[in-house]
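start_1.cif (mmCIF, C-alpha atoms and all ligand atoms) appears below.
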data_upload
#
loop_
_atom_site.label_atom_id
_atom_site.label_comp_id
_atom_site.auth_asym_id
_atom_site.auth_seq_id
_atom_site.Cartn_x
_atom_site.Cartn_y
_atom_site.Cartn_z
CA MET Z 273 38.93 -31.17 -4.30
CA LEU Z 274 38.52 -28.14 -6.52
CA VAL Z 275 36.18 -25.47 -5.20
CA SER Z 276 35.15 -22.59 -7.40
CA LEU Z 277 33.80 -19.73 -5.35
CA TYR Z 278 31.94 -16.58 -6.37
CA ARG Z 279 33.84 -13.59 -4.98
CA TYR Z 280 32.50 -10.09 -4.99
CA ASN Z 281 32.97 -7.10 -2.77
CA PRO Z 282 30.97 -4.23 -4.26
CA GLU Z 283 33.11 -1.72 -2.37
CA THR Z 284 36.41 -2.72 -3.95
CA ASP Z 285 35.63 -4.91 -6.99
CA THR Z 286 34.26 -3.63 -10.27
CA LYS Z 287 32.75 -7.01 -11.10
CA PRO Z 288 32.32 -10.47 -9.57
CA THR Z 289 34.93 -13.17 -10.22
CA MET Z 290 35.10 -16.91 -9.67
CA GLN Z 291 38.06 -17.87 -7.48
CA ASP Z 292 39.40 -21.43 -7.50
CA TYR Z 293 40.66 -23.16 -4.37
CA GLU Z 294 42.34 -26.53 -4.11
CA LEU Z 295 41.33 -28.19 -0.87
CA ASP Z 296 42.34 -31.49 0.75
CA LEU Z 297 39.26 -33.12 2.23
CA PRO Z 298 39.58 -35.60 5.11
CA ALA Z 299 39.34 -39.10 3.66
CA GLY Z 300 36.51 -41.50 4.41
CA LYS Z 301 33.99 -38.81 5.26
CA ASP Z 302 31.24 -37.28 3.19
CA LEU Z 303 31.27 -33.65 4.24
CA MET Z 304 28.45 -31.20 3.78
CA VAL Z 305 29.01 -28.21 1.54
CA LEU Z 306 28.99 -25.95 4.59
CA ASP Z 307 31.87 -27.97 6.11
CA VAL Z 308 33.87 -27.31 2.96
CA LEU Z 309 33.17 -23.59 3.30
CA GLU Z 310 34.33 -23.67 6.93
CA LEU Z 311 37.58 -25.35 5.84
CA LEU Z 312 38.02 -22.74 3.11
CA LYS Z 313 37.40 -19.94 5.55
CA ARG Z 314 40.31 -21.23 7.64
CA LYS Z 315 42.55 -20.79 4.59
CA ASP Z 316 41.08 -17.47 3.50
CA VAL Z 317 39.32 -15.43 6.17
CA SER Z 318 38.00 -12.90 3.67
CA ILE Z 319 35.34 -15.32 2.40
CA ALA Z 320 31.83 -14.21 3.42
CA TYR Z 321 28.74 -16.39 3.83
CA ARG Z 322 25.86 -16.78 6.27
CA ARG Z 323 25.30 -19.76 8.51
CA SER Z 324 23.94 -20.46 11.90
CA CYS Z 325 22.32 -23.75 12.88
CA ARG Z 326 24.32 -26.02 10.50
CA GLU Z 327 21.45 -28.51 10.50
CA GLY Z 328 18.87 -27.20 8.07
CA VAL Z 329 16.56 -25.36 10.43
CA CYS Z 330 17.57 -21.69 10.38
CA GLY Z 331 17.58 -21.12 6.65
CA SER Z 332 20.62 -18.82 6.59
CA ASP Z 333 22.89 -20.69 4.22
CA GLY Z 334 20.75 -20.91 1.11
CA MET Z 335 23.08 -20.69 -1.88
CA ASN Z 336 23.50 -21.89 -5.42
CA ILE Z 337 25.48 -25.15 -5.34
CA ASN Z 338 26.63 -26.40 -8.74
CA GLY Z 339 23.68 -24.67 -10.34
CA THR Z 340 21.00 -25.74 -7.87
CA ASN Z 341 19.73 -23.72 -4.93
CA GLY Z 342 19.98 -25.49 -1.59
CA LEU Z 343 21.13 -25.28 2.00
CA ALA Z 344 24.88 -25.79 2.22
CA CYS Z 345 24.65 -27.44 5.64
CA ILE Z 346 22.48 -30.37 4.51
CA THR Z 347 23.79 -30.83 0.97
CA PRO Z 348 26.44 -33.60 0.87
CA VAL Z 349 29.49 -32.78 -1.24
CA SER Z 350 29.25 -36.20 -2.90
CA SER Z 351 25.83 -35.46 -4.37
CA ALA Z 352 26.53 -31.80 -5.22
CA ALA Z 353 29.95 -31.99 -6.88
CA LYS Z 354 29.31 -34.77 -9.35
CA GLY Z 355 32.14 -33.77 -11.68
CA GLY Z 356 34.63 -33.50 -8.81
CA LYS Z 357 34.30 -29.73 -8.71
CA LEU Z 358 32.21 -27.74 -6.28
CA ILE Z 359 30.84 -24.48 -7.65
CA LEU Z 360 29.34 -22.07 -5.13
CA ARG Z 361 27.45 -18.92 -6.04
CA PRO Z 362 25.02 -16.70 -4.14
CA LEU Z 363 21.27 -17.19 -4.54
CA PRO Z 364 20.40 -15.83 -7.99
CA GLY Z 365 18.34 -12.69 -8.54
CA LEU Z 366 19.09 -10.83 -5.31
CA PRO Z 367 21.66 -8.04 -4.90
CA VAL Z 368 24.99 -9.34 -3.58
CA VAL Z 369 26.23 -7.79 -0.35
CA ARG Z 370 29.47 -9.77 -0.44
CA ASP Z 371 30.52 -13.15 -1.85
CA LEU Z 372 27.70 -15.57 -0.94
CA VAL Z 373 25.80 -13.06 1.18
CA VAL Z 374 22.77 -11.59 -0.56
CA ASP Z 375 20.47 -8.74 0.36
CA MET Z 376 17.16 -10.38 1.30
CA ALA Z 377 15.24 -7.12 1.82
CA VAL Z 378 12.94 -7.54 -1.18
CA PHE Z 379 12.26 -11.17 -0.22
CA TYR Z 380 11.19 -10.14 3.29
CA LYS Z 381 9.14 -7.27 1.90
CA GLN Z 382 7.06 -9.78 -0.07
CA PHE Z 383 6.72 -11.94 3.04
CA GLU Z 384 5.54 -8.93 5.03
CA LYS Z 385 2.91 -8.11 2.39
CA VAL Z 386 0.95 -11.31 3.02
CA GLN Z 387 0.49 -10.39 6.69
CA PRO Z 388 2.08 -13.59 7.99
CA PHE Z 389 0.29 -13.61 11.33
CA LEU Z 390 -3.07 -14.72 12.65
CA ILE Z 391 -5.83 -12.14 12.31
CA ASN Z 392 -8.94 -12.79 14.34
CA ASP Z 393 -11.61 -10.21 15.08
CA GLN Z 394 -13.45 -12.26 17.70
CA PRO Z 395 -13.00 -11.67 21.44
CA THR Z 396 -9.85 -13.27 22.78
CA PRO Z 397 -10.74 -16.50 24.62
CA ALA Z 398 -9.54 -17.03 28.18
CA ILE Z 399 -7.03 -19.74 27.31
CA GLU Z 400 -6.48 -20.41 23.63
CA ARG Z 401 -8.17 -20.56 20.24
CA LEU Z 402 -9.03 -24.18 19.69
CA GLN Z 403 -8.67 -25.98 16.41
CA SER Z 404 -9.82 -29.47 15.51
CA PRO Z 405 -7.11 -31.99 14.59
CA GLU Z 406 -8.53 -32.02 11.03
CA ASP Z 407 -8.23 -28.24 10.71
CA ARG Z 408 -4.75 -28.36 12.17
CA GLU Z 409 -3.79 -30.95 9.57
CA LYS Z 410 -4.55 -28.46 6.81
CA LEU Z 411 -1.49 -26.48 7.88
CA ASP Z 412 0.90 -29.36 7.34
CA GLY Z 413 3.27 -28.69 4.47
CA LEU Z 414 2.81 -24.95 4.97
CA TYR Z 415 4.07 -23.95 8.39
CA GLU Z 416 7.40 -25.78 8.04
CA CYS Z 417 8.90 -23.12 5.76
CA ILE Z 418 12.18 -21.72 7.11
CA LEU Z 419 12.31 -18.74 4.72
CA CYS Z 420 15.60 -19.78 3.18
CA ALA Z 421 14.59 -18.15 -0.14
CA CYS Z 422 15.87 -21.09 -2.19
CA CYS Z 423 12.50 -21.27 -3.94
CA SER Z 424 11.81 -17.60 -4.69
CA THR Z 425 15.33 -17.05 -6.03
CA ASN Z 426 14.86 -20.02 -8.34
CA CYS Z 427 11.65 -18.59 -9.78
CA PRO Z 428 11.90 -16.66 -13.09
CA SER Z 429 8.74 -14.70 -12.30
CA PHE Z 430 10.38 -13.52 -9.09
CA TRP Z 431 13.56 -12.56 -10.96
CA TRP Z 432 11.56 -10.39 -13.39
CA ASN Z 433 9.27 -8.75 -10.82
CA PRO Z 434 10.76 -9.15 -7.34
CA ASP Z 435 8.97 -6.01 -6.18
CA LYS Z 436 5.52 -7.05 -7.46
CA PHE Z 437 5.27 -10.84 -7.54
CA ILE Z 438 5.10 -12.22 -4.01
CA GLY Z 439 7.00 -15.33 -4.95
CA PRO Z 440 6.61 -18.95 -3.85
CA ALA Z 441 7.84 -18.50 -0.26
CA GLY Z 442 5.50 -15.58 0.46
CA LEU Z 443 2.58 -17.27 -1.26
CA LEU Z 444 3.08 -20.48 0.69
CA GLN Z 445 2.72 -18.38 3.85
CA ALA Z 446 -0.22 -16.48 2.39
CA TYR Z 447 -1.99 -19.79 1.97
CA ARG Z 448 -0.88 -20.95 5.42
CA PHE Z 449 -3.07 -18.19 6.90
CA LEU Z 450 -5.85 -18.51 4.34
CA ALA Z 451 -6.14 -22.17 5.31
CA ASP Z 452 -6.12 -21.52 9.04
CA SER Z 453 -9.55 -22.11 10.58
CA ARG Z 454 -8.79 -19.54 13.30
CA ASP Z 455 -8.11 -16.71 10.87
CA THR Z 456 -11.02 -14.39 10.07
CA ALA Z 457 -9.37 -12.12 7.51
CA THR Z 458 -9.73 -14.48 4.55
CA ASP Z 459 -11.65 -12.02 2.41
CA GLU Z 460 -9.28 -9.15 3.04
CA ARG Z 461 -6.29 -11.39 2.38
CA LEU Z 462 -7.74 -12.58 -0.91
CA ALA Z 463 -8.62 -9.04 -2.00
CA ASN Z 464 -4.97 -8.11 -1.58
CA LEU Z 465 -3.86 -10.92 -3.88
CA GLU Z 466 -6.22 -10.45 -6.80
CA ASP Z 467 -4.11 -8.08 -8.93
CA PRO Z 468 -2.19 -9.28 -12.02
CA PHE Z 469 1.15 -9.54 -10.20
CA SER Z 470 0.95 -10.82 -6.62
CA VAL Z 471 -0.23 -14.35 -7.38
CA PHE Z 472 -0.96 -14.48 -11.09
CA ARG Z 473 2.65 -14.09 -12.20
CA CYS Z 474 3.13 -17.69 -11.22
CA ARG Z 475 3.48 -19.71 -14.42
CA GLY Z 476 3.37 -23.04 -12.65
CA ILE Z 477 6.75 -24.30 -13.83
CA MET Z 478 7.50 -25.68 -10.36
CA ASN Z 479 11.09 -24.48 -10.12
CA CYS Z 480 10.24 -23.70 -6.51
CA VAL Z 481 9.12 -27.23 -5.69
CA ALA Z 482 12.27 -28.65 -7.27
CA VAL Z 483 14.61 -26.94 -4.81
CA CYS Z 484 12.77 -26.59 -1.50
CA PRO Z 485 15.07 -28.20 1.08
CA LYS Z 486 12.06 -28.86 3.29
CA GLY Z 487 10.21 -30.71 0.54
CA LEU Z 488 7.36 -28.20 0.50
CA ASN Z 489 5.14 -27.49 -2.48
CA PRO Z 490 4.48 -23.76 -3.07
CA THR Z 491 2.95 -24.45 -6.50
CA ARG Z 492 0.16 -26.47 -4.91
CA ALA Z 493 -0.49 -23.71 -2.37
CA ILE Z 494 -0.63 -21.16 -5.20
CA GLY Z 495 -3.17 -23.37 -6.96
CA HIS Z 496 -5.31 -23.38 -3.78
CA ILE Z 497 -5.10 -19.57 -3.58
CA ARG Z 498 -6.23 -19.31 -7.20
CA SER Z 499 -9.22 -21.56 -6.55
CA MET Z 500 -10.13 -19.50 -3.48
CA LEU Z 501 -9.93 -16.30 -5.54
CA LEU Z 502 -12.11 -17.87 -8.21
CA GLN Z 503 -14.66 -19.08 -5.68
CA ARG Z 504 -14.79 -15.68 -4.07
CA ALA Z 505 -15.49 -14.00 -7.42
CA THR Z 506 -18.08 -16.40 -8.82
CA MET W 264 -2.25 -5.21 -3.86
CA VAL W 265 -0.18 -4.13 -6.85
CA THR W 266 -1.94 -1.61 -9.06
CA ASN W 267 -1.33 -1.13 -12.74
CA VAL W 268 -3.18 1.19 -15.12
CA THR W 269 -2.29 -0.37 -18.47
CA ASN W 270 -3.98 -3.64 -17.62
CA PHE W 271 -7.59 -3.26 -18.81
CA GLY W 272 -9.22 -5.65 -16.37
CA ARG W 273 -7.09 -4.37 -13.45
CA SER W 274 -7.46 -7.85 -12.04
CA GLY W 275 -5.17 -10.83 -12.35
CA LEU W 276 -8.10 -13.12 -11.73
CA TYR W 277 -10.11 -11.78 -14.70
CA ASP W 278 -7.06 -11.97 -16.94
CA TRP W 279 -6.46 -15.50 -15.83
CA VAL W 280 -10.05 -16.60 -16.43
CA ILE W 281 -10.23 -14.82 -19.80
CA GLN W 282 -6.93 -16.37 -20.84
CA ARG W 283 -8.30 -19.84 -20.15
CA LEU W 284 -11.75 -19.30 -21.68
CA THR W 285 -10.32 -17.79 -24.86
CA ALA W 286 -7.86 -20.68 -25.08
CA VAL W 287 -10.79 -23.11 -25.06
CA VAL W 288 -12.66 -21.10 -27.71
CA LEU W 289 -9.59 -21.03 -29.94
CA ALA W 290 -8.88 -24.71 -29.44
CA VAL W 291 -12.47 -25.68 -30.38
CA TYR W 292 -12.45 -23.37 -33.41
CA PHE W 293 -9.17 -24.66 -34.78
CA VAL W 294 -9.98 -28.30 -34.14
CA PHE W 295 -13.20 -27.77 -36.11
CA PHE W 296 -11.26 -25.99 -38.83
CA LEU W 297 -8.63 -28.69 -39.15
CA SER W 298 -11.15 -31.50 -39.15
CA TYR W 299 -13.19 -29.70 -41.81
CA LEU W 300 -10.11 -29.50 -44.03
CA LEU W 301 -9.23 -33.09 -43.21
CA PHE W 302 -12.67 -34.41 -44.20
CA ASN W 303 -12.92 -32.15 -47.26
CA PRO W 304 -9.41 -32.30 -48.65
CA ASP W 305 -10.41 -30.95 -52.09
CA VAL W 306 -12.66 -28.15 -50.91
CA ASN W 307 -13.41 -25.60 -53.65
CA TYR W 308 -14.22 -21.92 -53.55
CA GLN W 309 -18.03 -22.39 -53.61
CA GLN W 310 -18.00 -24.76 -50.63
CA TRP W 311 -15.61 -22.50 -48.75
CA GLN W 312 -17.81 -19.47 -49.38
CA ALA W 313 -20.96 -21.36 -48.42
CA LEU W 314 -19.37 -22.37 -45.15
CA PHE W 315 -18.41 -18.84 -44.24
CA SER W 316 -21.71 -17.26 -45.25
CA THR W 317 -23.69 -19.27 -42.72
CA THR W 318 -24.61 -17.29 -39.62
CA TRP W 319 -23.23 -19.85 -37.19
CA MET W 320 -19.85 -19.85 -38.91
CA ARG W 321 -19.76 -16.07 -38.76
CA ILE W 322 -20.61 -16.09 -35.09
CA ALA W 323 -17.99 -18.72 -34.41
CA SER W 324 -15.37 -16.86 -36.44
CA LEU W 325 -16.15 -13.57 -34.76
CA LEU W 326 -15.91 -15.25 -31.38
CA ALA W 327 -12.55 -16.75 -32.34
CA LEU W 328 -11.38 -13.36 -33.57
CA LEU W 329 -12.35 -11.67 -30.32
CA ALA W 330 -10.79 -14.52 -28.37
CA ILE W 331 -7.49 -14.26 -30.22
CA CYS W 332 -7.35 -10.49 -29.65
CA ALA W 333 -8.05 -10.80 -25.92
CA HIS W 334 -5.68 -13.75 -25.58
CA ALA W 335 -2.88 -11.99 -27.44
CA TRP W 336 -3.35 -8.78 -25.50
CA ILE W 337 -3.14 -10.44 -22.10
CA GLY W 338 -0.17 -12.53 -23.19
CA LEU W 339 1.76 -9.62 -24.71
CA TRP W 340 0.91 -7.31 -21.82
CA THR W 341 2.32 -9.93 -19.44
CA ILE W 342 5.46 -10.36 -21.53
CA SER W 343 5.97 -6.60 -21.65
CA THR W 344 5.72 -6.29 -17.87
CA ASP W 345 8.11 -9.23 -17.42
CA TYR W 346 10.84 -8.22 -19.82
CA LEU W 347 10.42 -4.53 -20.63
CA THR W 348 11.12 -3.33 -17.10
CA SER W 349 13.76 -0.97 -15.74
CA ASP W 350 15.55 -3.96 -14.18
CA MET W 351 15.93 -5.50 -17.61
CA ILE W 352 16.42 -2.63 -20.04
CA GLY W 353 17.16 0.41 -17.92
CA ALA W 354 15.75 3.86 -17.43
CA LYS W 355 13.76 4.13 -20.66
CA ALA W 356 11.74 1.04 -19.81
CA THR W 357 8.45 2.79 -19.04
CA VAL W 358 8.40 4.63 -22.39
CA ILE W 359 9.39 1.52 -24.34
CA ARG W 360 6.85 -0.63 -22.51
CA PHE W 361 4.08 1.89 -23.07
CA LEU W 362 4.91 2.17 -26.78
CA PHE W 363 4.97 -1.61 -27.09
CA GLN W 364 1.60 -1.92 -25.36
CA THR W 365 0.08 0.84 -27.50
CA GLY W 366 1.42 -0.91 -30.59
CA CYS W 367 -0.20 -4.15 -29.46
CA VAL W 368 -3.59 -2.50 -28.85
CA VAL W 369 -3.53 -0.74 -32.24
CA LEU W 370 -2.53 -3.94 -34.02
CA MET W 371 -5.22 -5.94 -32.24
CA PHE W 372 -7.83 -3.32 -33.14
CA ILE W 373 -6.78 -3.31 -36.81
CA TYR W 374 -6.94 -7.10 -36.96
CA LEU W 375 -10.38 -7.05 -35.38
CA VAL W 376 -11.86 -4.49 -37.77
CA TRP W 377 -10.16 -6.11 -40.72
CA GLY W 378 -11.38 -9.54 -39.67
CA ILE W 379 -14.97 -8.31 -39.35
CA GLN W 380 -14.76 -6.70 -42.78
CA ILE W 381 -13.55 -9.96 -44.29
CA LEU W 382 -16.21 -12.04 -42.53
CA TRP W 383 -19.06 -9.80 -43.61
CA GLY W 384 -17.61 -9.08 -47.00
CA ILE W 385 -17.95 -12.61 -48.22
S1 LIG A 601 5.57 -22.60 -9.84
FE1 LIG A 601 5.16 -20.41 -9.73
S2 LIG A 601 6.13 -19.75 -7.86
FE2 LIG A 601 6.98 -21.76 -8.33
S3 LIG A 601 8.84 -21.34 -9.49
FE3 LIG A 601 7.19 -21.56 -10.96
S4 LIG A 601 6.40 -19.51 -11.35
FE4 LIG A 601 7.63 -19.45 -9.47
S1 LIG A 602 9.21 -22.91 0.78
FE1 LIG A 602 11.03 -24.16 1.02
S2 LIG A 602 12.56 -23.22 -0.33
FE2 LIG A 602 10.94 -21.74 -0.02
S3 LIG A 602 11.65 -20.46 1.62
FE3 LIG A 602 10.34 -22.06 2.51
S4 LIG A 602 11.74 -23.69 3.09
FE4 LIG A 602 12.87 -22.33 1.71
S1 LIG A 603 23.00 -23.19 8.64
FE1 LIG A 603 20.93 -23.14 9.31
S2 LIG A 603 19.93 -23.97 7.59
FE2 LIG A 603 22.00 -24.24 7.04
#

Step by step, read the file and then write its structure as C-alpha cells.
Ligand code: SF4
Ligand code: SF4
Ligand code: FES
Amino acid sequence: MLVSLYRYNPETDTKPTMQDYELDLPAGKDLMVLDVLELLKRKDVSIAYRRSCREGVCGSDGMNINGTNGLACITPVSSAAKGGKLILRPLPGLPVVRDLVVDMAVFYKQFEKVQPFLINDQPTPAIERLQSPEDREKLDGLYECILCACCSTNCPSFWWNPDKFIGPAGLLQAYRFLADSRDTATDERLANLEDPFSVFRCRGIMNCVAVCPKGLNPTRAIGHIRSMLLQRAT
Amino acid sequence: MVTNVTNFGRSGLYDWVIQRLTAVVLAVYFVFFLSYLLFNPDVNYQQWQALFSTTWMRIASLLALLAICAHAWIGLWTISTDYLTSDMIGAKATVIRFLFQTGCVVLMFIYLVWGIQILWGI
C-alpha cells in the first residue's frame, strides 16, 4: 500500500513536503488508518502524530485522510484509500507543530469563550441539581462532543476568522449549556454571542456535520442559538 | 463578544435580520417587475412612465433601492472581513479593508441619491 504523508518540521524545513512510503499490510485484515500510522512509525520513528485511546473517544487523532477530516483510529483503510493510496495531512487551517500534529490553541480559546460549564446562581442544593428526563433529553446530541476539531477545521468561516468565529465545536457546546435547564446564565451567554462574528459567521453549508465522527449536528445547534437570539431581541 | 467599529449595526443579529428582510423585499420587487414585463411584452414609454409616476411604485422602488443598499453593504462588509484580513493578505490588510469598506459606502450612497433623483425626476 502506498501512503503519502505530510511531513513538516518548522525548525528544520523551509516548507512542508509529501513523503511517500510503500508499506506491506497484513493480508485478510482491514486495518484502521491509525494502525497504518503505527506500522509506519516502526519504519520511521521521526513521524509525529497524536493518539491516545485508539477507539474514537479521546479525540486526539483528528486528521485529514484523503481529503476528509476524521479520526484515524476509527476510519478503516478500505473506505479511506479508495484509489489504493492513503493520503494523510494535518487538520487544515491550524498552525502545524510537526507533521500531523497541529497547534489547537485557537480552537481551545474559542471553546473557552463559550464558558463550557454550568452556571447557576441559586443556592447549592444538599445533594444534586435535579433535571427531568425530558430536560435531560435536550442535551442528547450535544454533550457527546469529544473536541476532536474535525468540524471546526473543515469550516471555511473558521479558516477565515479563527480568532473571531467560535466555530461549530464551540457553538455546539455553547448550545449545550443554553439548552440545559439547570443553567441560569442564558441571557448573559446569549449577549456574548450576538456580535457579527461569534455565531453569525456561520453560513450554514454544513461542512461540520459532514465530518463529525460522532455524528453530531453543529449546524442545527447554531440554528437553535440563532432562534434564541432572535427571541431574546423581539 | 467580538467588537467591530466598521459594522454599523454592531450586532450580528440585526445584520442577519436585515439581510433576510431586504432579501424578501428585493425578491417581491423583482418578481413583480418580471411579471409586469411578462404580461406587457410590448410596453411603451408612456405606459412605463405612468407606472413609475404612481406613488405606490415610487414607494416600492425606493424601498427596493434602500433594501439593495443595505443588503449589499452587509454582504460586502462580511466579504471584506472574511477575505481582506491579515491572515489572507498580510500586514496592510487593515488599510486595504478600510479603503474597500469606505469605497462600498460611498458607492452605495451615490447609487441611493442617484436612484432617488431618477425616481422623482420622471
Ligand atoms: S454550517 Fe456553519 S459552522 Fe458548520 S461548517 Fe458551515 S459555516 Fe461552519
Ligand atoms: S462536534 Fe464532532 S467533529 Fe466537532 S469537535 Fe465535537 S466530536 Fe469533533
Ligand atoms: S486515538 Fe482517541 S480518538 Fe482516535

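Taking all atoms listed in the file into account, chain Z lies nearest to W:Leu347 out of the set W:Leu375, W:Leu362, W:Cys367, W:Leu347.
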
Contacts between ligand LIG 602 (chain A) and chain Z, please, where a residue of chain Z counts if it comes within 10 Å (with all atoms listed in the file); show its shortest atom pair and distance in Å to one decimal, rows by chain and ascending number, as CSV.
residue,atom,partner,partner_atom,distance
Z:Gly328,CA,A:LIG602,S4,9.4
Z:Val329,CA,A:LIG602,S4,8.9
Z:Cys330,CA,A:LIG602,S4,9.5
Z:Gly331,CA,A:LIG602,FE4,6.9
Z:Ser332,CA,A:LIG602,FE4,9.8
Z:Gly334,CA,A:LIG602,FE4,8.0
Z:Asn341,CA,A:LIG602,S2,8.5
Z:Gly342,CA,A:LIG602,S2,7.9
Z:Leu343,CA,A:LIG602,FE4,8.8
Z:Phe379,CA,A:LIG602,S3,9.5
Z:Phe383,CA,A:LIG602,S3,9.9
Z:Gly413,CA,A:LIG602,S1,9.1
Z:Leu414,CA,A:LIG602,S1,7.9
Z:Tyr415,CA,A:LIG602,FE3,8.8
Z:Glu416,CA,A:LIG602,S4,6.9
Z:Cys417,CA,A:LIG602,FE3,3.7
Z:Ile418,CA,A:LIG602,S4,4.5
Z:Leu419,CA,A:LIG602,S3,3.6
Z:Cys420,CA,A:LIG602,FE4,4.0
Z:Ala421,CA,A:LIG602,S3,4.1
Z:Cys422,CA,A:LIG602,S2,4.4
Z:Cys423,CA,A:LIG602,S2,4.1
Z:Ser424,CA,A:LIG602,FE2,6.3
Z:Thr425,CA,A:LIG602,FE2,8.8
Z:Asn426,CA,A:LIG602,S2,8.9
Z:Gly439,CA,A:LIG602,FE2,9.0
Z:Pro440,CA,A:LIG602,FE2,6.4
Z:Ala441,CA,A:LIG602,FE2,4.5
Z:Gly442,CA,A:LIG602,S3,7.9
Z:Leu443,CA,A:LIG602,S1,8.9
Z:Leu444,CA,A:LIG602,S1,6.6
Z:Gln445,CA,A:LIG602,S1,8.5
Z:Asn479,CA,A:LIG602,S2,10.0
Z:Cys480,CA,A:LIG602,S2,6.6
Z:Val481,CA,A:LIG602,S2,7.5
Z:Ala482,CA,A:LIG602,S2,8.8
Z:Val483,CA,A:LIG602,S2,6.2
Z:Cys484,CA,A:LIG602,S2,3.6
Z:Pro485,CA,A:LIG602,FE1,5.7
Z:Lys486,CA,A:LIG602,S4,5.2
Z:Gly487,CA,A:LIG602,FE1,6.6
Z:Leu488,CA,A:LIG602,FE1,5.5
Z:Asn489,CA,A:LIG602,S1,6.9
Z:Pro490,CA,A:LIG602,S1,6.2
Z:Thr491,CA,A:LIG602,S1,9.7

Selected residues, C-alpha atoms, written as a compact mmCIF listing (two decimals), in the frame of the given file, please.
# COMPACT_ATOMS: atom_id res chain seq x y z
CA GLY Z 328 18.87 -27.20 8.07
CA VAL Z 329 16.56 -25.36 10.43
CA CYS Z 330 17.57 -21.69 10.38
CA GLY Z 331 17.58 -21.12 6.65
CA SER Z 332 20.62 -18.82 6.59
CA GLY Z 334 20.75 -20.91 1.11
CA ASN Z 341 19.73 -23.72 -4.93
CA GLY Z 342 19.98 -25.49 -1.59
CA LEU Z 343 21.13 -25.28 2.00
CA PHE Z 379 12.26 -11.17 -0.22
CA PHE Z 383 6.72 -11.94 3.04
CA GLY Z 413 3.27 -28.69 4.47
CA LEU Z 414 2.81 -24.95 4.97
CA TYR Z 415 4.07 -23.95 8.39
CA GLU Z 416 7.40 -25.78 8.04
CA CYS Z 417 8.90 -23.12 5.76
CA ILE Z 418 12.18 -21.72 7.11
CA LEU Z 419 12.31 -18.74 4.72
CA CYS Z 420 15.60 -19.78 3.18
CA ALA Z 421 14.59 -18.15 -0.14
CA CYS Z 422 15.87 -21.09 -2.19
CA CYS Z 423 12.50 -21.27 -3.94
CA SER Z 424 11.81 -17.60 -4.69
CA THR Z 425 15.33 -17.05 -6.03
CA ASN Z 426 14.86 -20.02 -8.34
CA GLY Z 439 7.00 -15.33 -4.95
CA PRO Z 440 6.61 -18.95 -3.85
CA ALA Z 441 7.84 -18.50 -0.26
CA GLY Z 442 5.50 -15.58 0.46
CA LEU Z 443 2.58 -17.27 -1.26
CA LEU Z 444 3.08 -20.48 0.69
CA GLN Z 445 2.72 -18.38 3.85
CA ASN Z 479 11.09 -24.48 -10.12
CA CYS Z 480 10.24 -23.70 -6.51
CA VAL Z 481 9.12 -27.23 -5.69
CA ALA Z 482 12.27 -28.65 -7.27
CA VAL Z 483 14.61 -26.94 -4.81
CA CYS Z 484 12.77 -26.59 -1.50
CA PRO Z 485 15.07 -28.20 1.08
CA LYS Z 486 12.06 -28.86 3.29
CA GLY Z 487 10.21 -30.71 0.54
CA LEU Z 488 7.36 -28.20 0.50
CA ASN Z 489 5.14 -27.49 -2.48
CA PRO Z 490 4.48 -23.76 -3.07
CA THR Z 491 2.95 -24.45 -6.50

_Give me the residues near Leu382 of chain W as a VMD selection string, where near means some atom within 9 Å (using only C-alpha atoms) and where sequence neighbours in that chain fewer than 6 positions away do not count._
chain W and resid 315 to 316 321 324 to 325

*Test item: residues at most 12 Å from Thr285 of chain W, all atoms listed in the file, excluding those fewer than 3 positions along its chain, as a ChimeraX atom specification*: /W:277-282,288-292,326-338

*With a distance threshold of 12 Å and counting all atoms listed in the file, extract the residues of chain W near chain Z and express them as a PyMOL selection string.*
chain W and resi 264-280+282+337-338+340-352

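Atom pair atom CA of Ala354 of chain W / atom CA of Lys287 of chain Z: separated by 21.1 Å.
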